[in-house]
>>> print(open('run.csv').read())   # CSV, N, CA, C and O atoms
chain,number,residue,atom,x,y,z
A,1109,MET,N,82.4,116.0,162.9
A,1109,MET,CA,82.3,114.5,162.7
A,1109,MET,C,81.9,114.2,161.3
A,1109,MET,O,81.2,114.9,160.7
A,1110,LEU,N,82.3,113.0,160.9
A,1110,LEU,CA,82.0,112.5,159.6
A,1110,LEU,C,80.5,112.3,159.4
A,1110,LEU,O,79.9,111.9,160.3
A,1111,GLU,N,80.0,112.7,158.2
A,1111,GLU,CA,78.6,112.6,158.0
A,1111,GLU,C,78.1,111.2,157.5
A,1111,GLU,O,77.0,110.9,157.6
A,1112,GLY,N,79.0,110.5,156.8
A,1112,GLY,CA,78.7,109.2,156.2
A,1112,GLY,C,78.2,108.2,157.2
A,1112,GLY,O,78.6,108.2,158.4
A,1113,LYS,N,77.4,107.3,156.8
A,1113,LYS,CA,77.0,106.2,157.6
A,1113,LYS,C,77.9,105.0,157.4
A,1113,LYS,O,78.3,104.7,156.3
A,1114,GLY,N,78.1,104.2,158.4
A,1114,GLY,CA,78.9,103.0,158.3
A,1114,GLY,C,78.0,101.8,158.0
A,1114,GLY,O,76.8,101.9,158.2
A,1115,LEU,N,78.6,100.8,157.5
A,1115,LEU,CA,77.8,99.5,157.2
A,1115,LEU,C,78.5,98.4,158.0
A,1115,LEU,O,79.6,98.1,157.8
A,1116,ILE,N,77.7,97.9,159.0
A,1116,ILE,CA,78.2,96.8,159.8
A,1116,ILE,C,78.1,95.5,159.0
A,1116,ILE,O,77.0,95.1,158.5
A,1117,GLU,N,79.3,94.8,158.8
A,1117,GLU,CA,79.3,93.6,158.0
A,1117,GLU,C,79.0,92.4,158.9
A,1117,GLU,O,78.3,91.5,158.5
A,1118,ASP,N,79.6,92.4,160.1
A,1118,ASP,CA,79.4,91.3,161.1
A,1118,ASP,C,79.8,91.8,162.5
A,1118,ASP,O,80.7,92.6,162.6
A,1119,THR,N,79.1,91.3,163.5
A,1119,THR,CA,79.4,91.7,164.8
A,1119,THR,C,78.7,90.7,165.8
A,1119,THR,O,77.7,90.0,165.5
A,1120,ASP,N,79.3,90.7,167.0
A,1120,ASP,CA,78.6,90.0,168.1
A,1120,ASP,C,78.7,91.0,169.4
A,1120,ASP,O,78.4,90.5,170.5
A,1121,MET,N,79.0,92.2,169.1
A,1121,MET,CA,79.1,93.2,170.2
A,1121,MET,C,77.7,93.7,170.6
A,1121,MET,O,76.8,93.7,169.7
A,1122,PRO,N,77.5,94.1,171.8
A,1122,PRO,CA,76.3,94.8,172.2
A,1122,PRO,C,76.1,96.1,171.4
A,1122,PRO,O,77.1,96.7,171.0
A,1123,LEU,N,74.9,96.5,171.3
A,1123,LEU,CA,74.6,97.7,170.5
A,1123,LEU,C,75.3,98.9,170.9
A,1123,LEU,O,75.9,99.7,170.1
A,1124,LYS,N,75.4,99.1,172.2
A,1124,LYS,CA,76.1,100.3,172.7
A,1124,LYS,C,77.6,100.3,172.3
A,1124,LYS,O,78.1,101.4,171.9
A,1125,MET,N,78.2,99.2,172.3
A,1125,MET,CA,79.6,99.1,171.9
A,1125,MET,C,79.8,99.3,170.4
A,1125,MET,O,80.7,99.9,169.9
A,1126,GLN,N,78.8,98.8,169.6
A,1126,GLN,CA,78.8,99.0,168.2
A,1126,GLN,C,78.8,100.5,167.8
A,1126,GLN,O,79.5,101.0,167.0
A,1127,ILE,N,77.9,101.2,168.5
A,1127,ILE,CA,77.8,102.6,168.3
A,1127,ILE,C,79.1,103.3,168.7
A,1127,ILE,O,79.6,104.2,168.0
A,1128,GLN,N,79.7,102.9,169.8
A,1128,GLN,CA,81.0,103.5,170.2
A,1128,GLN,C,82.1,103.2,169.1
A,1128,GLN,O,82.9,104.1,168.8
A,1129,ALA,N,82.1,102.0,168.6
A,1129,ALA,CA,83.1,101.7,167.6
A,1129,ALA,C,83.0,102.6,166.4
A,1129,ALA,O,84.0,103.1,165.9
A,1130,MET,N,81.7,102.8,165.9
A,1130,MET,CA,81.5,103.6,164.8
A,1130,MET,C,81.9,105.1,165.1
A,1130,MET,O,82.5,105.8,164.3
A,1131,ASP,N,81.5,105.5,166.3
A,1131,ASP,CA,81.9,106.9,166.7
A,1131,ASP,C,83.4,107.1,166.8
A,1131,ASP,O,83.9,108.1,166.4
A,1132,PHE,N,84.1,106.1,167.4
A,1132,PHE,CA,85.6,106.2,167.5
A,1132,PHE,C,86.2,106.2,166.1
A,1132,PHE,O,87.2,107.0,165.9
A,1133,ALA,N,85.7,105.4,165.2
A,1133,ALA,CA,86.2,105.4,163.9
A,1133,ALA,C,86.0,106.7,163.2
A,1133,ALA,O,86.9,107.3,162.5
A,1134,SER,N,84.8,107.3,163.4
A,1134,SER,CA,84.5,108.6,162.8
A,1134,SER,C,85.4,109.7,163.3
A,1134,SER,O,85.9,110.5,162.6
A,1135,GLN,N,85.6,109.7,164.6
A,1135,GLN,CA,86.5,110.6,165.3
A,1135,GLN,C,87.9,110.5,164.7
A,1135,GLN,O,88.6,111.5,164.4
A,1136,ALA,N,88.4,109.3,164.5
A,1136,ALA,CA,89.8,109.0,164.0
A,1136,ALA,C,89.9,109.5,162.6
A,1136,ALA,O,90.9,110.1,162.2
A,1137,LEU,N,88.8,109.4,161.8
A,1137,LEU,CA,88.9,109.8,160.4
A,1137,LEU,C,88.9,111.4,160.3
A,1137,LEU,O,89.4,112.0,159.4
A,1138,ASP,N,88.3,112.0,161.4
A,1138,ASP,CA,88.4,113.5,161.5
A,1138,ASP,C,89.8,113.9,161.8
A,1138,ASP,O,90.2,115.0,161.4
A,1139,LEU,N,90.5,113.1,162.6
A,1139,LEU,CA,91.8,113.5,163.2
A,1139,LEU,C,92.9,113.2,162.2
A,1139,LEU,O,93.9,113.9,162.2
A,1140,TYR,N,92.8,112.1,161.5
A,1140,TYR,CA,93.9,111.6,160.7
A,1140,TYR,C,93.5,111.5,159.2
A,1140,TYR,O,92.4,111.3,158.9
A,1141,ASP,N,94.5,111.6,158.3
A,1141,ASP,CA,94.3,111.4,156.9
A,1141,ASP,C,93.9,109.9,156.7
A,1141,ASP,O,94.3,109.0,157.3
A,1142,VAL,N,93.0,109.7,155.7
A,1142,VAL,CA,92.4,108.4,155.4
A,1142,VAL,C,93.5,107.4,155.1
A,1142,VAL,O,93.3,106.2,155.3
A,1143,VAL,N,94.7,107.8,154.6
A,1143,VAL,CA,95.7,106.8,154.3
A,1143,VAL,C,96.6,106.5,155.5
A,1143,VAL,O,97.4,105.6,155.4
A,1144,ASP,N,96.4,107.1,156.6
A,1144,ASP,CA,97.1,106.9,157.9
A,1144,ASP,C,96.4,105.9,158.7
A,1144,ASP,O,96.0,106.1,159.8
A,1145,CYS,N,96.3,104.6,158.2
A,1145,CYS,CA,95.5,103.6,158.8
A,1145,CYS,C,96.1,103.2,160.2
A,1145,CYS,O,95.4,102.9,161.1
A,1146,LYS,N,97.4,103.3,160.3
A,1146,LYS,CA,98.1,103.0,161.6
A,1146,LYS,C,97.6,103.9,162.7
A,1146,LYS,O,97.3,103.4,163.8
A,1147,SER,N,97.6,105.2,162.5
A,1147,SER,CA,97.2,106.1,163.5
A,1147,SER,C,95.7,106.0,163.8
A,1147,SER,O,95.2,106.2,164.9
A,1148,ILE,N,94.9,105.7,162.7
A,1148,ILE,CA,93.4,105.6,162.9
A,1148,ILE,C,93.2,104.4,163.8
A,1148,ILE,O,92.4,104.4,164.8
A,1149,ALA,N,93.8,103.2,163.5
A,1149,ALA,CA,93.7,102.0,164.3
A,1149,ALA,C,94.2,102.3,165.8
A,1149,ALA,O,93.5,101.8,166.7
A,1150,ALA,N,95.3,103.0,166.0
A,1150,ALA,CA,95.8,103.2,167.3
A,1150,ALA,C,94.8,104.1,168.1
A,1150,ALA,O,94.6,103.8,169.3
A,1151,HIS,N,94.2,105.0,167.5
A,1151,HIS,CA,93.2,105.9,168.2
A,1151,HIS,C,92.0,105.0,168.7
A,1151,HIS,O,91.6,105.2,169.8
A,1152,ILE,N,91.5,104.2,167.8
A,1152,ILE,CA,90.4,103.4,168.2
A,1152,ILE,C,90.8,102.4,169.3
A,1152,ILE,O,90.0,102.2,170.2
A,1153,LYS,N,91.9,101.7,169.1
A,1153,LYS,CA,92.4,100.8,170.2
A,1153,LYS,C,92.5,101.5,171.5
A,1153,LYS,O,92.1,101.0,172.6
A,1154,LYS,N,93.1,102.7,171.5
A,1154,LYS,CA,93.3,103.4,172.8
A,1154,LYS,C,91.9,103.7,173.4
A,1154,LYS,O,91.8,103.6,174.7
A,1155,GLU,N,91.0,104.1,172.6
A,1155,GLU,CA,89.6,104.5,173.2
A,1155,GLU,C,89.0,103.2,173.8
A,1155,GLU,O,88.4,103.3,174.8
A,1156,PHE,N,89.1,102.1,173.1
A,1156,PHE,CA,88.4,100.8,173.6
A,1156,PHE,C,89.2,100.4,174.8
A,1156,PHE,O,88.5,99.9,175.8
A,1157,ASP,N,90.5,100.4,174.8
A,1157,ASP,CA,91.3,100.0,176.0
A,1157,ASP,C,90.9,100.9,177.2
A,1157,ASP,O,90.7,100.4,178.3
A,1158,LYS,N,90.7,102.2,177.0
A,1158,LYS,CA,90.4,103.1,178.1
A,1158,LYS,C,89.0,102.8,178.7
A,1158,LYS,O,88.8,102.8,179.9
A,1159,ARG,N,88.0,102.5,177.8
A,1159,ARG,CA,86.6,102.3,178.3
A,1159,ARG,C,86.3,100.9,178.6
A,1159,ARG,O,85.4,100.7,179.4
A,1160,HIS,N,87.0,99.9,178.0
A,1160,HIS,CA,86.6,98.5,178.2
A,1160,HIS,C,87.7,97.6,178.6
A,1160,HIS,O,87.6,96.4,178.5
A,1161,GLY,N,88.8,98.1,179.2
A,1161,GLY,CA,89.9,97.3,179.6
A,1161,GLY,C,90.9,97.0,178.5
A,1161,GLY,O,90.6,97.1,177.3
A,1162,ASN,N,92.1,96.7,178.9
A,1162,ASN,CA,93.2,96.4,177.9
A,1162,ASN,C,92.9,95.1,177.1
A,1162,ASN,O,92.1,94.3,177.6
A,1163,GLY,N,93.6,95.0,176.0
A,1163,GLY,CA,93.6,93.8,175.2
A,1163,GLY,C,92.8,93.9,173.9
A,1163,GLY,O,92.7,92.9,173.1
A,1164,TRP,N,92.4,95.1,173.5
A,1164,TRP,CA,91.7,95.3,172.3
A,1164,TRP,C,92.7,95.4,171.1
A,1164,TRP,O,93.8,95.8,171.2
A,1165,GLN,N,92.2,94.9,170.0
A,1165,GLN,CA,93.0,94.9,168.7
A,1165,GLN,C,92.1,95.7,167.7
A,1165,GLN,O,90.9,95.6,167.7
A,1166,CYS,N,92.8,96.4,166.8
A,1166,CYS,CA,92.1,97.1,165.7
A,1166,CYS,C,92.9,97.0,164.4
A,1166,CYS,O,94.1,97.3,164.4
A,1167,VAL,N,92.2,96.6,163.3
A,1167,VAL,CA,92.8,96.5,162.0
A,1167,VAL,C,92.0,97.5,161.1
A,1167,VAL,O,90.8,97.4,161.1
A,1168,VAL,N,92.7,98.3,160.4
A,1168,VAL,CA,92.1,99.3,159.5
A,1168,VAL,C,92.7,99.2,158.2
A,1168,VAL,O,94.0,99.2,158.1
A,1169,GLY,N,92.0,99.2,157.1
A,1169,GLY,CA,92.5,99.2,155.8
A,1169,GLY,C,91.5,99.1,154.7
A,1169,GLY,O,90.3,98.9,155.0
A,1170,SER,N,91.9,99.1,153.5
A,1170,SER,CA,90.9,98.9,152.4
A,1170,SER,C,90.9,97.5,151.8
A,1170,SER,O,89.9,97.1,151.2
A,1171,ASN,N,91.9,96.7,152.1
A,1171,ASN,CA,91.9,95.3,151.6
A,1171,ASN,C,92.8,94.5,152.5
A,1171,ASN,O,94.0,94.6,152.5
A,1172,PHE,N,92.2,93.7,153.4
A,1172,PHE,CA,93.0,92.8,154.2
A,1172,PHE,C,92.2,91.6,154.6
A,1172,PHE,O,91.0,91.5,154.4
A,1173,GLY,N,92.9,90.5,155.0
A,1173,GLY,CA,92.3,89.3,155.5
A,1173,GLY,C,92.9,88.9,156.7
A,1173,GLY,O,94.1,89.3,157.0
A,1174,CYS,N,92.2,88.1,157.6
A,1174,CYS,CA,92.8,87.6,158.8
A,1174,CYS,C,92.0,86.5,159.4
A,1174,CYS,O,90.9,86.2,159.0
A,1175,PHE,N,92.7,85.8,160.3
A,1175,PHE,CA,92.0,84.8,161.1
A,1175,PHE,C,92.4,85.1,162.6
A,1175,PHE,O,93.6,85.3,162.9
A,1176,PHE,N,91.4,85.1,163.5
A,1176,PHE,CA,91.7,85.5,164.8
A,1176,PHE,C,90.7,84.8,165.8
A,1176,PHE,O,89.6,84.3,165.3
A,1177,THR,N,91.0,84.8,167.0
A,1177,THR,CA,90.1,84.3,168.1
A,1177,THR,C,89.8,85.5,169.0
A,1177,THR,O,90.7,86.2,169.3
A,1178,HIS,N,88.5,85.6,169.3
A,1178,HIS,CA,88.1,86.8,170.1
A,1178,HIS,C,87.3,86.4,171.3
A,1178,HIS,O,86.7,85.3,171.3
A,1179,LYS,N,87.2,87.3,172.2
A,1179,LYS,CA,86.4,87.1,173.4
A,1179,LYS,C,84.9,87.3,172.9
A,1179,LYS,O,84.6,88.3,172.2
A,1180,LYS,N,84.0,86.5,173.4
A,1180,LYS,CA,82.6,86.6,173.0
A,1180,LYS,C,82.1,87.9,173.3
A,1180,LYS,O,82.3,88.5,174.4
A,1181,GLY,N,81.4,88.5,172.4
A,1181,GLY,CA,80.7,89.8,172.6
A,1181,GLY,C,81.7,91.0,172.4
A,1181,GLY,O,81.4,92.1,172.8
A,1182,SER,N,82.8,90.8,171.7
A,1182,SER,CA,83.8,91.9,171.5
A,1182,SER,C,84.2,92.1,170.1
A,1182,SER,O,85.2,92.7,169.8
A,1183,PHE,N,83.5,91.6,169.1
A,1183,PHE,CA,83.9,91.6,167.7
A,1183,PHE,C,83.0,92.5,166.9
A,1183,PHE,O,81.7,92.4,167.0
A,1184,ILE,N,83.6,93.3,166.0
A,1184,ILE,CA,82.8,94.1,165.0
A,1184,ILE,C,83.7,94.2,163.8
A,1184,ILE,O,84.9,94.5,163.9
A,1185,TYR,N,83.0,94.1,162.6
A,1185,TYR,CA,83.7,94.4,161.3
A,1185,TYR,C,82.7,95.2,160.5
A,1185,TYR,O,81.6,94.9,160.3
A,1186,PHE,N,83.2,96.4,160.2
A,1186,PHE,CA,82.4,97.4,159.5
A,1186,PHE,C,83.1,98.2,158.5
A,1186,PHE,O,84.4,98.3,158.5
A,1187,THR,N,82.4,98.9,157.6
A,1187,THR,CA,82.9,99.8,156.6
A,1187,THR,C,82.5,101.2,156.9
A,1187,THR,O,81.3,101.4,157.3
A,1188,LEU,N,83.4,102.1,156.8
A,1188,LEU,CA,83.1,103.5,157.0
A,1188,LEU,C,83.9,104.3,156.0
A,1188,LEU,O,85.1,104.1,155.9
A,1189,GLU,N,83.3,105.1,155.2
A,1189,GLU,CA,83.9,105.8,154.1
A,1189,GLU,C,84.5,104.7,153.2
A,1189,GLU,O,83.8,103.8,152.7
A,1190,THR,N,85.8,104.8,152.9
A,1190,THR,CA,86.5,103.8,152.0
A,1190,THR,C,87.2,102.8,152.7
A,1190,THR,O,87.9,101.9,152.1
A,1191,LEU,N,87.1,102.8,154.1
A,1191,LEU,CA,88.0,101.8,154.9
A,1191,LEU,C,87.1,100.8,155.5
A,1191,LEU,O,85.9,101.0,155.9
A,1192,LYS,N,87.8,99.6,155.8
A,1192,LYS,CA,87.2,98.5,156.6
A,1192,LYS,C,87.8,98.6,158.0
A,1192,LYS,O,89.0,98.9,158.1
A,1193,PHE,N,87.0,98.3,159.0
A,1193,PHE,CA,87.5,98.3,160.4
A,1193,PHE,C,87.1,97.0,161.0
A,1193,PHE,O,86.0,96.5,161.0
A,1194,LEU,N,88.1,96.4,161.7
A,1194,LEU,CA,88.0,95.2,162.4
A,1194,LEU,C,88.5,95.5,163.9
A,1194,LEU,O,89.6,95.8,164.1
A,1195,ILE,N,87.6,95.3,164.8
A,1195,ILE,CA,87.9,95.6,166.2
A,1195,ILE,C,87.5,94.4,167.0
A,1195,ILE,O,86.3,93.9,166.8
A,1196,PHE,N,88.3,93.9,167.9
A,1196,PHE,CA,88.0,92.8,168.7
A,1196,PHE,C,88.9,92.7,169.9
A,1196,PHE,O,90.0,93.3,170.0
A,1197,LYS,N,88.5,92.0,170.9
A,1197,LYS,CA,89.3,91.8,172.1
A,1197,LYS,C,89.8,90.4,172.1
A,1197,LYS,O,89.0,89.4,171.8
A,1198,GLY,N,91.1,90.2,172.2
A,1198,GLY,CA,91.7,88.8,172.1
A,1198,GLY,C,91.1,87.9,173.1
A,1198,GLY,O,90.8,88.3,174.2
A,1199,SER,N,91.0,86.6,172.7
A,1199,SER,CA,90.6,85.6,173.6
A,1199,SER,C,91.6,85.3,174.7
A,1199,SER,O,92.8,85.3,174.4
A,1200,SER,N,91.2,85.1,175.9
A,1200,SER,CA,92.1,84.9,177.0
A,1200,SER,C,92.3,83.4,177.3
A,1200,SER,O,92.9,83.0,178.3
A,1201,SER,N,91.8,82.5,176.4
A,1201,SER,CA,92.0,81.1,176.6
A,1201,SER,C,93.4,80.7,176.4
A,1201,SER,O,94.1,81.1,175.4
A,1202,PRO,N,94.0,79.9,177.3
A,1202,PRO,CA,95.4,79.4,177.1
A,1202,PRO,C,95.5,78.5,175.8
A,1202,PRO,O,94.5,77.8,175.5
A,1203,PRO,N,96.6,78.5,175.2
A,1203,PRO,CA,96.8,77.7,174.0
A,1203,PRO,C,96.7,76.2,174.4
A,1203,PRO,O,97.1,75.8,175.5
A,1204,SER,N,96.2,75.4,173.5
A,1204,SER,CA,96.1,74.0,173.8
A,1204,SER,C,97.5,73.3,173.7
A,1204,SER,O,98.3,73.7,173.0
A,1205,SER,N,97.6,72.3,174.5
A,1205,SER,CA,98.9,71.6,174.5
A,1205,SER,C,99.1,70.6,173.3
A,1205,SER,O,98.1,70.1,172.8
A,1206,PRO,N,100.3,70.4,172.9
A,1206,PRO,CA,100.5,69.5,171.7
A,1206,PRO,C,100.2,68.1,172.0
A,1206,PRO,O,100.2,67.6,173.1
>>> encode(input="run.csv", output="structure tokens")
Amino acid sequence: MLEGKGLIEDTDMPLKMQIQAMDFASQALDLYDVVDCKSIAAHIKKEFDKRHGNGWQCVVGSNFGCFFTHKKGSFIYFTLETLKFLIFKGSSSPPSSP
């Protein structure tokens, strides 16, 4: 496993899930080249879907921006090595009517 420590930028996840997120990211970085962000994100998403139900999203990269709605208690944004990781479960609220 990777030896470096991650830096959590923002989160509303319970501590146990935060630790899992960092562990899954570290595992993915051991399995895939750091430039293969798509495979790294897919690995993390698969692990979260398996342990916490379907609907998880994961964005991995060195420079990105986004706007999203998430289910309360399911969001984390952190840095590990040279990459940023955004993991969240989509909100299940129906879209508002026009």
>>> closest_residue(input="run.csv", among="A:Ile1116, A:Lys1192, A:Ala1150, A:Thr1187", to="Phe1172 of chain A", atoms="all atoms listed in the file")
A:Lys1192
>>> select_by_dssp(input="run.csv", residues="chain A", states="strand (DSSP E or B)", output="number ranges by chain")
A: 1115-1119, 1164-1169, 1178, 1184-1188, 1191-1198
>>> write_last_selection(input="run.csv", atoms="N, CA, C and O atoms", output="short mmCIF file (atom, residue, chain, number, x, y, z; two decimals), in the frame of the given file")
data_model
loop_
_atom_site.label_atom_id
_atom_site.label_comp_id
_atom_site.auth_asym_id
_atom_site.auth_seq_id
_atom_site.Cartn_x
_atom_site.Cartn_y
_atom_site.Cartn_z
N LEU A 1115 78.60 100.80 157.50
CA LEU A 1115 77.80 99.50 157.20
C LEU A 1115 78.50 98.40 158.00
O LEU A 1115 79.60 98.10 157.80
N ILE A 1116 77.70 97.90 159.00
CA ILE A 1116 78.20 96.80 159.80
C ILE A 1116 78.10 95.50 159.00
O ILE A 1116 77.00 95.10 158.50
N GLU A 1117 79.30 94.80 158.80
CA GLU A 1117 79.30 93.60 158.00
C GLU A 1117 79.00 92.40 158.90
O GLU A 1117 78.30 91.50 158.50
N ASP A 1118 79.60 92.40 160.10
CA ASP A 1118 79.40 91.30 161.10
C ASP A 1118 79.80 91.80 162.50
O ASP A 1118 80.70 92.60 162.60
N THR A 1119 79.10 91.30 163.50
CA THR A 1119 79.40 91.70 164.80
C THR A 1119 78.70 90.70 165.80
O THR A 1119 77.70 90.00 165.50
N TRP A 1164 92.40 95.10 173.50
CA TRP A 1164 91.70 95.30 172.30
C TRP A 1164 92.70 95.40 171.10
O TRP A 1164 93.80 95.80 171.20
N GLN A 1165 92.20 94.90 170.00
CA GLN A 1165 93.00 94.90 168.70
C GLN A 1165 92.10 95.70 167.70
O GLN A 1165 90.90 95.60 167.70
N CYS A 1166 92.80 96.40 166.80
CA CYS A 1166 92.10 97.10 165.70
C CYS A 1166 92.90 97.00 164.40
O CYS A 1166 94.10 97.30 164.40
N VAL A 1167 92.20 96.60 163.30
CA VAL A 1167 92.80 96.50 162.00
C VAL A 1167 92.00 97.50 161.10
O VAL A 1167 90.80 97.40 161.10
N VAL A 1168 92.70 98.30 160.40
CA VAL A 1168 92.10 99.30 159.50
C VAL A 1168 92.70 99.20 158.20
O VAL A 1168 94.00 99.20 158.10
N GLY A 1169 92.00 99.20 157.10
CA GLY A 1169 92.50 99.20 155.80
C GLY A 1169 91.50 99.10 154.70
O GLY A 1169 90.30 98.90 155.00
N HIS A 1178 88.50 85.60 169.30
CA HIS A 1178 88.10 86.80 170.10
C HIS A 1178 87.30 86.40 171.30
O HIS A 1178 86.70 85.30 171.30
N ILE A 1184 83.60 93.30 166.00
CA ILE A 1184 82.80 94.10 165.00
C ILE A 1184 83.70 94.20 163.80
O ILE A 1184 84.90 94.50 163.90
N TYR A 1185 83.00 94.10 162.60
CA TYR A 1185 83.70 94.40 161.30
C TYR A 1185 82.70 95.20 160.50
O TYR A 1185 81.60 94.90 160.30
N PHE A 1186 83.20 96.40 160.20
CA PHE A 1186 82.40 97.40 159.50
C PHE A 1186 83.10 98.20 158.50
O PHE A 1186 84.40 98.30 158.50
N THR A 1187 82.40 98.90 157.60
CA THR A 1187 82.90 99.80 156.60
C THR A 1187 82.50 101.20 156.90
O THR A 1187 81.30 101.40 157.30
N LEU A 1188 83.40 102.10 156.80
CA LEU A 1188 83.10 103.50 157.00
C LEU A 1188 83.90 104.30 156.00
O LEU A 1188 85.10 104.10 155.90
N LEU A 1191 87.10 102.80 154.10
CA LEU A 1191 88.00 101.80 154.90
C LEU A 1191 87.10 100.80 155.50
O LEU A 1191 85.90 101.00 155.90
N LYS A 1192 87.80 99.60 155.80
CA LYS A 1192 87.20 98.50 156.60
C LYS A 1192 87.80 98.60 158.00
O LYS A 1192 89.00 98.90 158.10
N PHE A 1193 87.00 98.30 159.00
CA PHE A 1193 87.50 98.30 160.40
C PHE A 1193 87.10 97.00 161.00
O PHE A 1193 86.00 96.50 161.00
N LEU A 1194 88.10 96.40 161.70
CA LEU A 1194 88.00 95.20 162.40
C LEU A 1194 88.50 95.50 163.90
O LEU A 1194 89.60 95.80 164.10
N ILE A 1195 87.60 95.30 164.80
CA ILE A 1195 87.90 95.60 166.20
C ILE A 1195 87.50 94.40 167.00
O ILE A 1195 86.30 93.90 166.80
N PHE A 1196 88.30 93.90 167.90
CA PHE A 1196 88.00 92.80 168.70
C PHE A 1196 88.90 92.70 169.90
O PHE A 1196 90.00 93.30 170.00
N LYS A 1197 88.50 92.00 170.90
CA LYS A 1197 89.30 91.80 172.10
C LYS A 1197 89.80 90.40 172.10
O LYS A 1197 89.00 89.40 171.80
N GLY A 1198 91.10 90.20 172.20
CA GLY A 1198 91.70 88.80 172.10
C GLY A 1198 91.10 87.90 173.10
O GLY A 1198 90.80 88.30 174.20
#
>>> closest_residue(input="run.csv", among="A:Tyr1185, A:Phe1193, A:Phe1132, A:Tyr1140", to="Val1168 of chain A", atoms="all atoms listed in the file")
A:Phe1193
>>> residues_around(input="run.csv", residues="Phe1186 of chain A", least_positions_apart="6", cutoff="7 Å", atoms="only N, CA, C and O atoms", output="JSON, numbers by chain")
{"A": [1114, 1115, 1116, 1117, 1118, 1167, 1169, 1192, 1193, 1194, 1195]}
>>> closest_residue(input="run.csv", among="A:Thr1190, A:Ser1147, A:Gln1135, A:Ser1199", to="Trp1164 of chain A", atoms="only C-alpha atoms")
A:Ser1199
>>> select_by_dssp(input="run.csv", residues="chain A", states="alpha helix (DSSP H)", output="VMD selection string")
chain A and resid 1123 to 1139 1145 to 1160
>>> closest_residue(input="run.csv", among="A:Phe1176, A:Gly1163, A:Glu1155, A:Ala1149", to="Met1125 of chain A", atoms="only C-alpha atoms")
A:Glu1155
>>> decode(input="run.csv", residues="segment 1151-1164 of chain A", atoms="N, CA and C atoms", output="short mmCIF file (atom, residue, chain, number, x, y, z; two decimals), in the first residue's frame")
data_model
loop_
_atom_site.label_atom_id
_atom_site.label_comp_id
_atom_site.auth_asym_id
_atom_site.auth_seq_id
_atom_site.Cartn_x
_atom_site.Cartn_y
_atom_site.Cartn_z
N HIS A 1151 -12.31 1.79 -9.91
CA HIS A 1151 -12.01 0.90 -8.79
C HIS A 1151 -12.68 1.40 -7.50
N ILE A 1152 -12.53 2.68 -7.22
CA ILE A 1152 -13.11 3.27 -6.01
C ILE A 1152 -14.63 3.19 -6.05
N LYS A 1153 -15.23 3.54 -7.18
CA LYS A 1153 -16.69 3.48 -7.33
C LYS A 1153 -17.20 2.06 -7.09
N LYS A 1154 -16.53 1.08 -7.68
CA LYS A 1154 -16.94 -0.32 -7.52
C LYS A 1154 -16.91 -0.74 -6.05
N GLU A 1155 -15.87 -0.34 -5.33
CA GLU A 1155 -15.76 -0.70 -3.91
C GLU A 1155 -16.86 -0.04 -3.08
N PHE A 1156 -17.15 1.23 -3.35
CA PHE A 1156 -18.21 1.92 -2.61
C PHE A 1156 -19.58 1.33 -2.95
N ASP A 1157 -19.84 1.04 -4.23
CA ASP A 1157 -21.11 0.42 -4.63
C ASP A 1157 -21.29 -0.92 -3.92
N LYS A 1158 -20.22 -1.69 -3.84
CA LYS A 1158 -20.28 -3.03 -3.23
C LYS A 1158 -20.58 -2.93 -1.73
N ARG A 1159 -19.98 -1.97 -1.05
CA ARG A 1159 -20.12 -1.89 0.41
C ARG A 1159 -21.26 -0.99 0.90
N HIS A 1160 -21.67 -0.02 0.06
CA HIS A 1160 -22.65 0.96 0.52
C HIS A 1160 -23.82 1.14 -0.43
N GLY A 1161 -24.05 0.20 -1.34
CA GLY A 1161 -25.16 0.29 -2.28
C GLY A 1161 -24.80 1.09 -3.52
N ASN A 1162 -25.55 0.88 -4.58
CA ASN A 1162 -25.28 1.53 -5.86
C ASN A 1162 -25.55 3.03 -5.81
N GLY A 1163 -24.99 3.74 -6.79
CA GLY A 1163 -25.24 5.17 -6.94
C GLY A 1163 -24.06 6.06 -6.62
N TRP A 1164 -22.90 5.47 -6.31
CA TRP A 1164 -21.71 6.27 -5.99
C TRP A 1164 -21.07 6.82 -7.25
#
